[in-house]
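Student: Before I ask anything, let me first share the structure, which is written out below as structure tokens.
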Amino acid sequence: MQIKRLLLTDFRSCAHVDLAPGPGITILSGANAQGKSTLLEAVYLLATSRSPRASKDVEMIRWGQEVALAAAEVAREERGEVRVEVSLSRSEKRAMRVNHVRRVRVADLVGHLNTVLFSAADIDVVRGEPSLRRRFLNLEIAQISPHYCHALVQYRRILEQRNRLLKLIRDDGRGADTLETWNEQLIAIGSRIVERRVAFVAELSALASHIHSEIAGASEQLSITYLPSFPIKPDEDVSTAFRQHLALLQRDEIARGATLAGPHRDDLSFLVSGTDVRVYGSQGQQRSVALATKLAEVELMQQRVGEAPVLLLDDAGSELDEARRARLYGLVTGGYQTLVACTDTSGLPAEIVCNAEQYRVEGGAVQQWMPAAT
């Protein structure tokens with residue numbers, strides 16, 4: 001998979017960018033706050049419909065402008081070329097298009113471009129709040145499963161309606177007779193999400209365990225486990241377990257006016273030799289786990305999609321030691337199209353720098369100053 005052309009208009013600091021990265025490594029260097037990360041953010045947005053750092057669309061619109069555009073022309077090995085674009089507005093809902101045709105559903109955008117982002121913030125997935133781990137799962141699974149993406153949208157709508165109903169029941173008893181209907185909808189969609197997550201995490205854990213052994217040594221065994229918010233017995237149907245737990249929670253849910261179990265409250269655990277790395281791991285161990293998980297994500301996505309994703313490295317090696325940095329950049333030289341954002345090239349392996357197209361980014365403008373070696 002290769003981005004043939006990236007177009008930005010009034011996207012953050014970038015008034016206009018027309019970038020044609022090569023099939024290998026493209027280095028985007030420049031001082032801080034010049035727009036390097038913005039280019040990677042735009043690619044990630046086009047792949048997942050979400051920004052890795054903005055909570056609202058307006059944050060991605062250049063100051064003083066009303067709209068912003070991000071678009072990419074993508075060459076794919078099996079499915080041919082495709083153009084994906086996202087338009088952002090201060091006053092209207094975002095507009096998504098695939099091959100210039102307006103798409104309403106997020107699921108119709110996600111999956112045309114596959115990316116994996118490496119950044120210094122990856123460690124937060126390991127040591128941060130459960131919401132970060134759920135976000136990680138949602139974004140990565142959605143790229144390889146449009147049905148999962150659609151289920152997430154449905155689940156969020158059902159969850160909002162059910163929470164509203166719980167508050168009504170709590171406040172004046174209205175709507176109690178319709179709660180069972182909303183329960184069944186929540187169970188049907190929520191169970192599908194949990195089942196897909198469990199399968200994904202099992203595959204991810206197997207790959208990450210092998211990679212982690214190479215990074216940290218065979219004595220440290222990594223396992224990643226999905227932690228649902230309700231107990232599921234071995235061989236028990238997920239929907240049955242979910243239904244039983246909701247029945248137990250009904251009184252508390254009405255009292256709080258909120259749904260207390262479901263995929264929106266699930267989590268992941270990262271264990272190294274049986275020890276919870278989030279709580280007891282050193283910073284070095286946490287970084288090894290984060291890197292192994294991301295590298296496993298690349299392999300898993302390639303297996304499931306049938307072609308390599310585009311790699312995005314946002315100052316990814318700055319906080320890694322030499323061994324971990326070598327493992328990360330060893331992947332870059334393995335034939336993936338890679339966009340590397342960095343302040344300068346001194347921290348990059350010479351092999352990468354010599355074989356890369358190099359661009360300078362300054363004030364939101366991008367200018368090539370060294371083509372890839374031939």
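Identifiers in this document derive from the order of the structure tokens: chains are assigned A, B, ..., residues are numbered from 1 separately in each chain, and ligands are numbered from 1 in order of occurrence.
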Report as a VMD selection string all protein, DNA and RNA residues lying within 10 Å of Glu203 of chain A, evaluated on only C-alpha atoms, omitting residues in the same chain fewer than 3 positions from it.
Tutor: chain A and resid 197 to 200 206 to 208 224 296 to 297 300
Student: What would the file look like if the residues just selected were written as a PDB file, in the first residue's frame with C-alpha atoms?
Tutor:
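What ended up in out.pdb:
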```
ATOM      1  CA  ARG A 197     -11.986  -7.663  20.350  1.00  0.00           C
ATOM      2  CA  VAL A 198     -11.266 -10.976  22.063  1.00  0.00           C
ATOM      3  CA  ALA A 199     -10.245 -12.564  18.748  1.00  0.00           C
ATOM      4  CA  PHE A 200      -8.097  -9.564  17.778  1.00  0.00           C
ATOM      5  CA  ALA A 206       0.701 -14.185  20.091  1.00  0.00           C
ATOM      6  CA  LEU A 207       2.612 -11.925  17.709  1.00  0.00           C
ATOM      7  CA  ALA A 208       3.611  -9.405  20.383  1.00  0.00           C
ATOM      8  CA  ILE A 224      -1.932  -9.326  26.378  1.00  0.00           C
ATOM      9  CA  ALA A 296       2.720  -6.880  16.232  1.00  0.00           C
ATOM     10  CA  GLU A 297      -0.019  -4.591  14.996  1.00  0.00           C
ATOM     11  CA  LEU A 300      -1.357  -8.509  12.048  1.00  0.00           C
TER      12      LEU A 300
END
```
Student: So which residues touch Arg196 of chain A within 12 Å, counting only C-alpha atoms, skipping near sequence neighbours fewer than 3 positions away, as a ChimeraX atom specification?
Tutor: /A:137-138,140-142,144-149,151-152,189-193,199-203,226,238,263
Student: Show which residues sit within 10 Å of Ile211 of chain A, as a PyMOL selection string. Count only C-alpha atoms, and ignore same-chain residues fewer than 5 positions away.
Tutor: chain A and resi 205-206+216-218+222+288-289+291-296+327
Student: Give me a file of those residues, with N, CA and C atoms, as a PDB file, in the first residue's frame.
Tutor:
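Saved as selection_29.pdb:
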```
ATOM      1  N   SER A 205      -1.655 -10.747  20.826  1.00  0.00           N
ATOM      2  CA  SER A 205      -0.826 -11.219  21.933  1.00  0.00           C
ATOM      3  C   SER A 205       0.201 -12.243  21.448  1.00  0.00           C
ATOM      4  N   ALA A 206      -0.221 -13.161  20.585  1.00  0.00           N
ATOM      5  CA  ALA A 206       0.701 -14.185  20.091  1.00  0.00           C
ATOM      6  C   ALA A 206       1.865 -13.564  19.327  1.00  0.00           C
ATOM      7  N   ALA A 216      13.361  -7.808  24.516  1.00  0.00           N
ATOM      8  CA  ALA A 216      13.708  -7.799  25.941  1.00  0.00           C
ATOM      9  C   ALA A 216      14.412  -9.061  26.411  1.00  0.00           C
ATOM     10  N   GLY A 217      14.450 -10.103  25.583  1.00  0.00           N
ATOM     11  CA  GLY A 217      15.055 -11.366  25.991  1.00  0.00           C
ATOM     12  C   GLY A 217      14.000 -12.418  26.272  1.00  0.00           C
ATOM     13  N   ALA A 218      14.386 -13.666  26.060  1.00  0.00           N
ATOM     14  CA  ALA A 218      13.436 -14.777  26.177  1.00  0.00           C
ATOM     15  C   ALA A 218      12.933 -14.979  27.595  1.00  0.00           C
ATOM     16  N   LEU A 222       5.693 -11.843  27.420  1.00  0.00           N
ATOM     17  CA  LEU A 222       4.587 -10.887  27.371  1.00  0.00           C
ATOM     18  C   LEU A 222       3.286 -11.597  27.009  1.00  0.00           C
ATOM     19  N   SER A 288       9.193  -1.337  26.077  1.00  0.00           N
ATOM     20  CA  SER A 288       9.362  -2.575  25.320  1.00  0.00           C
ATOM     21  C   SER A 288       8.010  -3.177  24.966  1.00  0.00           C
ATOM     22  N   VAL A 289       7.086  -3.159  25.922  1.00  0.00           N
ATOM     23  CA  VAL A 289       5.746  -3.700  25.686  1.00  0.00           C
ATOM     24  C   VAL A 289       5.018  -2.871  24.633  1.00  0.00           C
ATOM     25  N   LEU A 291       6.306  -1.010  22.241  1.00  0.00           N
ATOM     26  CA  LEU A 291       6.911  -1.204  20.928  1.00  0.00           C
ATOM     27  C   LEU A 291       6.544  -2.576  20.361  1.00  0.00           C
ATOM     28  N   ALA A 292       6.600  -3.611  21.193  1.00  0.00           N
ATOM     29  CA  ALA A 292       6.246  -4.948  20.731  1.00  0.00           C
ATOM     30  C   ALA A 292       4.793  -5.002  20.269  1.00  0.00           C
ATOM     31  N   THR A 293       3.923  -4.309  20.974  1.00  0.00           N
ATOM     32  CA  THR A 293       2.509  -4.286  20.607  1.00  0.00           C
ATOM     33  C   THR A 293       2.307  -3.604  19.266  1.00  0.00           C
ATOM     34  N   LYS A 294       3.001  -2.499  19.045  1.00  0.00           N
ATOM     35  CA  LYS A 294       2.875  -1.786  17.773  1.00  0.00           C
ATOM     36  C   LYS A 294       3.451  -2.592  16.609  1.00  0.00           C
ATOM     37  N   LEU A 295       4.601  -3.217  16.835  1.00  0.00           N
ATOM     38  CA  LEU A 295       5.195  -4.035  15.780  1.00  0.00           C
ATOM     39  C   LEU A 295       4.294  -5.229  15.445  1.00  0.00           C
ATOM     40  N   ALA A 296       3.667  -5.785  16.461  1.00  0.00           N
ATOM     41  CA  ALA A 296       2.720  -6.880  16.232  1.00  0.00           C
ATOM     42  C   ALA A 296       1.514  -6.393  15.450  1.00  0.00           C
ATOM     43  N   ARG A 327      15.399  -2.180  16.550  1.00  0.00           N
ATOM     44  CA  ARG A 327      14.288  -3.086  16.207  1.00  0.00           C
ATOM     45  C   ARG A 327      13.210  -2.339  15.427  1.00  0.00           C
TER      46      ARG A 327
END
```
Student: Write out as a count of residues only which residues come within 12 Å of segment 348-361 of chain A when counting only C-alpha atoms, dropping same-chain ones fewer than 6 positions away.
Tutor: 56
Student: Counting only C-alpha atoms, what is within 9 Å of segment 249-254 of chain A, bar same-chain residues fewer than 6 positions away, as a ChimeraX atom specification?
Tutor: /A:163,165-170,260-261
Student: I need the strand (DSSP E or B) residues of segment 183-272 of chain A per DSSP on the backbone, written as number ranges by chain.
Tutor: A: 222-227, 267-272
Student: Would you return as a PyMOL selection string the members of segment 90-168 of chain A that DSSP assigns to helix (DSSP H, G or I) on this structure's backbone?
Tutor: chain A and resi 106-108+120-127+130-144+146-168
Student: Write a file of the just-selected residues containing C-alpha atoms, as a JSON list (two decimals), in the first residue's frame.
Tutor:
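Final output, out.json:
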```
[["chain", "number", "residue", "atom", "x", "y", "z"],
["A", 106, "VAL", "CA", -17.43, 6.29, 8.93],
["A", 107, "ALA", "CA", -17.27, 2.61, 7.97],
["A", 108, "ASP", "CA", -17.36, 3.63, 4.30],
["A", 120, "ALA", "CA", 6.36, 8.76, 21.93],
["A", 121, "ALA", "CA", 2.76, 8.63, 23.17],
["A", 122, "ASP", "CA", 2.50, 4.88, 22.49],
["A", 123, "ILE", "CA", 3.60, 4.15, 26.04],
["A", 124, "ASP", "CA", 0.37, 5.77, 27.27],
["A", 125, "VAL", "CA", -1.58, 2.81, 25.87],
["A", 126, "VAL", "CA", 0.31, 0.61, 28.34],
["A", 127, "ARG", "CA", 0.40, 2.85, 31.40],
["A", 130, "PRO", "CA", -8.48, 2.26, 30.13],
["A", 131, "SER", "CA", -10.09, 4.67, 27.65],
["A", 132, "LEU", "CA", -6.76, 4.89, 25.79],
["A", 133, "ARG", "CA", -6.60, 1.12, 25.43],
["A", 134, "ARG", "CA", -10.19, 0.93, 24.23],
["A", 135, "ARG", "CA", -9.43, 3.68, 21.70],
["A", 136, "PHE", "CA", -6.38, 1.75, 20.51],
["A", 137, "LEU", "CA", -8.48, -1.38, 19.97],
["A", 138, "ASN", "CA", -11.26, 0.48, 18.19],
["A", 139, "LEU", "CA", -8.99, 2.33, 15.79],
["A", 140, "GLU", "CA", -6.91, -0.69, 14.83],
["A", 141, "ILE", "CA", -9.74, -3.21, 14.48],
["A", 142, "ALA", "CA", -11.82, -0.74, 12.47],
["A", 143, "GLN", "CA", -9.08, -0.50, 9.83],
["A", 144, "ILE", "CA", -9.34, -4.21, 9.06],
["A", 146, "PRO", "CA", -15.64, -2.22, 8.35],
["A", 147, "HIS", "CA", -18.36, -4.27, 10.09],
["A", 148, "TYR", "CA", -16.69, -3.57, 13.42],
["A", 149, "CYS", "CA", -16.63, 0.14, 12.66],
["A", 150, "HIS", "CA", -20.35, 0.08, 11.87],
["A", 151, "ALA", "CA", -21.08, -1.87, 15.08],
["A", 152, "LEU", "CA", -19.24, 0.77, 17.14],
["A", 153, "VAL", "CA", -21.40, 3.55, 15.72],
["A", 154, "GLN", "CA", -24.56, 1.54, 16.45],
["A", 155, "TYR", "CA", -23.40, 0.73, 19.97],
["A", 156, "ARG", "CA", -22.71, 4.35, 20.84],
["A", 157, "ARG", "CA", -26.18, 5.38, 19.70],
["A", 158, "ILE", "CA", -27.83, 2.61, 21.68],
["A", 159, "LEU", "CA", -25.72, 3.46, 24.73],
["A", 160, "GLU", "CA", -26.76, 7.13, 24.60],
["A", 161, "GLN", "CA", -30.44, 6.21, 24.31],
["A", 162, "ARG", "CA", -30.25, 3.65, 27.10],
["A", 163, "ASN", "CA", -28.48, 6.06, 29.44],
["A", 164, "ARG", "CA", -31.13, 8.66, 28.74],
["A", 165, "LEU", "CA", -33.83, 6.12, 29.55],
["A", 166, "LEU", "CA", -32.13, 5.08, 32.80],
["A", 167, "LYS", "CA", -32.15, 8.71, 33.94],
["A", 168, "LEU", "CA", -35.86, 9.02, 33.09]]
```
Student: Could you pull the residues within 7 Å of Tyr336 of chain A, counting only C-alpha atoms, minus those fewer than 6 positions along the same chain, as an mmCIF file with C-alpha atoms, in the first residue's frame?
Tutor:
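Output file out.cif follows:
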```cif
data_model
loop_
_atom_site.group_PDB
_atom_site.id
_atom_site.type_symbol
_atom_site.label_atom_id
_atom_site.label_comp_id
_atom_site.auth_asym_id
_atom_site.auth_seq_id
_atom_site.Cartn_x
_atom_site.Cartn_y
_atom_site.Cartn_z
ATOM 1 C CA GLY A 24 10.115 3.772 0.499
ATOM 2 C CA ALA A 308 1.655 -3.764 4.141
ATOM 3 C CA VAL A 310 1.829 2.725 5.618
ATOM 4 C CA LEU A 311 4.065 3.377 8.631
#
```
Student: Identify which of the residues A:Asp235, A:Asp276, A:Glu307, A:Asp10 lies closest to Gln221 of chain A, counting only C-alpha atoms when measuring atom-to-atom distances.
Tutor: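 Closest residue, counting only C-alpha atoms: A:Asp276.
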Student: Between atom CA of Val86 of chain A and atom CA of Glu129 of chain A, what distance in Å does the model show, to one decimal?
Tutor: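 Between these atoms lies a distance of 29.0 Å.
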Student: So that I can check the surroundings of segment 59-73 of chain A, please list as a PyMOL selection string every protein, DNA and RNA residue that reaches within 10 Å of it, counting only C-alpha atoms and ignoring chain neighbours fewer than 2 positions away.
Tutor: chain A and resi 2-20+38-39+41-43+45-47+51+53-57+75-76+81-92+94-99+113
Student: Kindly save the residues from that selection, with N, CA and C atoms included, as a short mmCIF file (atom, residue, chain, number, x, y, z; two decimals), in the first residue's frame.
Tutor:
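Dumped to selection01.cif:
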```cif
data_model
loop_
_atom_site.label_atom_id
_atom_site.label_comp_id
_atom_site.auth_asym_id
_atom_site.auth_seq_id
_atom_site.Cartn_x
_atom_site.Cartn_y
_atom_site.Cartn_z
N GLN A 2 0.52 2.22 -0.83
CA GLN A 2 1.36 3.40 -0.96
C GLN A 2 0.52 4.65 -1.18
N ILE A 3 0.84 5.69 -0.44
CA ILE A 3 0.25 7.00 -0.68
C ILE A 3 1.00 7.62 -1.85
N LYS A 4 0.30 7.87 -2.93
CA LYS A 4 0.92 8.48 -4.10
C LYS A 4 0.95 9.99 -3.99
N ARG A 5 -0.06 10.54 -3.31
CA ARG A 5 -0.15 11.99 -3.22
C ARG A 5 -0.95 12.36 -1.97
N LEU A 6 -0.45 13.32 -1.21
CA LEU A 6 -1.14 13.84 -0.03
C LEU A 6 -1.40 15.32 -0.24
N LEU A 7 -2.66 15.71 -0.12
CA LEU A 7 -3.08 17.10 -0.35
C LEU A 7 -3.70 17.67 0.92
N LEU A 8 -3.21 18.82 1.35
CA LEU A 8 -3.78 19.50 2.52
C LEU A 8 -4.08 20.96 2.16
N THR A 9 -5.22 21.43 2.61
CA THR A 9 -5.58 22.83 2.45
C THR A 9 -6.09 23.36 3.78
N ASP A 10 -5.41 24.35 4.32
CA ASP A 10 -5.80 24.98 5.59
C ASP A 10 -5.99 23.96 6.70
N PHE A 11 -5.12 22.97 6.71
CA PHE A 11 -5.14 21.93 7.74
C PHE A 11 -4.09 22.29 8.78
N ARG A 12 -4.55 22.70 9.96
CA ARG A 12 -3.67 23.24 11.01
C ARG A 12 -2.80 24.36 10.43
N SER A 13 -1.47 24.22 10.54
CA SER A 13 -0.58 25.29 10.07
C SER A 13 -0.32 25.22 8.58
N CYS A 14 -0.80 24.18 7.92
CA CYS A 14 -0.50 23.96 6.50
C CYS A 14 -1.55 24.64 5.62
N ALA A 15 -1.18 25.77 5.02
CA ALA A 15 -2.12 26.46 4.12
C ALA A 15 -2.33 25.63 2.86
N HIS A 16 -1.24 25.10 2.32
CA HIS A 16 -1.36 24.26 1.13
C HIS A 16 -0.16 23.33 1.05
N VAL A 17 -0.43 22.03 0.98
CA VAL A 17 0.62 21.03 0.83
C VAL A 17 0.22 20.08 -0.28
N ASP A 18 1.15 19.80 -1.17
CA ASP A 18 0.96 18.81 -2.23
C ASP A 18 2.21 17.94 -2.21
N LEU A 19 2.13 16.82 -1.51
CA LEU A 19 3.29 15.97 -1.27
C LEU A 19 3.11 14.65 -1.99
N ALA A 20 4.16 14.22 -2.71
CA ALA A 20 4.14 12.95 -3.41
C ALA A 20 5.26 12.06 -2.85
N THR A 38 1.71 17.36 11.78
CA THR A 38 0.44 17.64 11.12
C THR A 38 0.26 16.76 9.89
N LEU A 39 1.34 16.55 9.13
CA LEU A 39 1.26 15.72 7.93
C LEU A 39 0.89 14.28 8.30
N GLU A 41 -0.63 13.38 11.08
CA GLU A 41 -1.98 13.44 11.62
C GLU A 41 -3.03 13.37 10.51
N ALA A 42 -2.78 14.07 9.43
CA ALA A 42 -3.72 14.06 8.31
C ALA A 42 -3.84 12.67 7.70
N VAL A 43 -2.71 11.98 7.55
CA VAL A 43 -2.75 10.62 7.00
C VAL A 43 -3.54 9.70 7.93
N LEU A 45 -5.84 10.53 10.07
CA LEU A 45 -7.24 10.91 9.98
C LEU A 45 -7.91 10.26 8.79
N LEU A 46 -7.24 10.27 7.65
CA LEU A 46 -7.80 9.68 6.43
C LEU A 46 -7.93 8.16 6.54
N ALA A 47 -7.08 7.55 7.34
CA ALA A 47 -7.13 6.10 7.50
C ALA A 47 -8.18 5.66 8.51
N SER A 51 -8.34 11.80 14.63
CA SER A 51 -7.02 12.40 14.82
C SER A 51 -6.35 11.77 16.03
N ARG A 53 -4.48 13.34 17.99
CA ARG A 53 -4.22 14.35 19.02
C ARG A 53 -5.30 15.40 19.17
N ALA A 54 -6.24 15.50 18.25
CA ALA A 54 -7.30 16.51 18.36
C ALA A 54 -8.59 15.86 18.84
N SER A 55 -9.29 16.53 19.74
CA SER A 55 -10.57 16.01 20.24
C SER A 55 -11.74 16.58 19.45
N LYS A 56 -11.51 17.71 18.75
CA LYS A 56 -12.57 18.34 17.96
C LYS A 56 -12.05 18.68 16.57
N ASP A 57 -12.95 18.63 15.60
CA ASP A 57 -12.55 18.92 14.22
C ASP A 57 -12.00 20.33 14.06
N ALA A 75 -2.42 3.93 -3.73
CA ALA A 75 -2.28 2.77 -4.60
C ALA A 75 -2.28 1.52 -3.73
N ARG A 76 -3.15 0.56 -4.08
CA ARG A 76 -3.26 -0.67 -3.32
C ARG A 76 -2.99 -1.86 -4.24
N GLU A 81 -6.35 1.71 -7.21
CA GLU A 81 -6.15 3.03 -6.62
C GLU A 81 -7.46 3.60 -6.10
N VAL A 82 -7.34 4.43 -5.07
CA VAL A 82 -8.51 5.05 -4.46
C VAL A 82 -8.11 6.43 -3.94
N ARG A 83 -9.06 7.35 -3.96
CA ARG A 83 -8.86 8.67 -3.37
C ARG A 83 -9.79 8.79 -2.17
N VAL A 84 -9.23 9.16 -1.03
CA VAL A 84 -10.03 9.39 0.18
C VAL A 84 -9.82 10.83 0.62
N GLU A 85 -10.86 11.46 1.11
CA GLU A 85 -10.73 12.84 1.57
C GLU A 85 -11.70 13.13 2.70
N VAL A 86 -11.29 14.06 3.53
CA VAL A 86 -12.11 14.53 4.64
C VAL A 86 -12.09 16.05 4.64
N SER A 87 -13.28 16.65 4.62
CA SER A 87 -13.41 18.10 4.71
C SER A 87 -13.95 18.46 6.09
N LEU A 88 -13.31 19.43 6.73
CA LEU A 88 -13.71 19.87 8.07
C LEU A 88 -14.23 21.29 8.01
N SER A 89 -15.23 21.59 8.82
CA SER A 89 -15.85 22.92 8.80
C SER A 89 -16.11 23.39 10.22
N ARG A 90 -16.04 24.70 10.41
CA ARG A 90 -16.37 25.28 11.72
C ARG A 90 -17.87 25.31 11.97
N SER A 91 -18.67 25.28 10.93
CA SER A 91 -20.11 25.45 11.09
C SER A 91 -20.94 24.25 10.64
N GLU A 92 -20.34 23.30 9.93
CA GLU A 92 -21.09 22.15 9.44
C GLU A 92 -20.38 20.85 9.83
N ARG A 94 -18.48 17.33 9.30
CA ARG A 94 -17.42 16.95 8.38
C ARG A 94 -18.00 16.20 7.18
N ALA A 95 -17.33 16.31 6.04
CA ALA A 95 -17.74 15.62 4.82
C ALA A 95 -16.65 14.63 4.44
N MET A 96 -17.03 13.38 4.20
CA MET A 96 -16.08 12.33 3.81
C MET A 96 -16.41 11.87 2.40
N ARG A 97 -15.37 11.66 1.61
CA ARG A 97 -15.57 11.21 0.23
C ARG A 97 -14.59 10.11 -0.12
N VAL A 98 -15.05 9.17 -0.91
CA VAL A 98 -14.21 8.11 -1.48
C VAL A 98 -14.41 8.16 -2.98
N ASN A 99 -13.31 8.40 -3.71
CA ASN A 99 -13.37 8.59 -5.17
C ASN A 99 -14.41 9.65 -5.54
N LEU A 113 -7.37 3.08 3.32
CA LEU A 113 -5.95 3.36 3.61
C LEU A 113 -5.64 2.78 4.98
#
```
Student: Tell me, in Å to one decimal, how far atom CA of Gly347 of chain A is from atom CA of Arg50 of chain A.
Tutor: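 Calculated distance between atom CA of Gly347 of chain A and atom CA of Arg50 of chain A is 29.1 Å.
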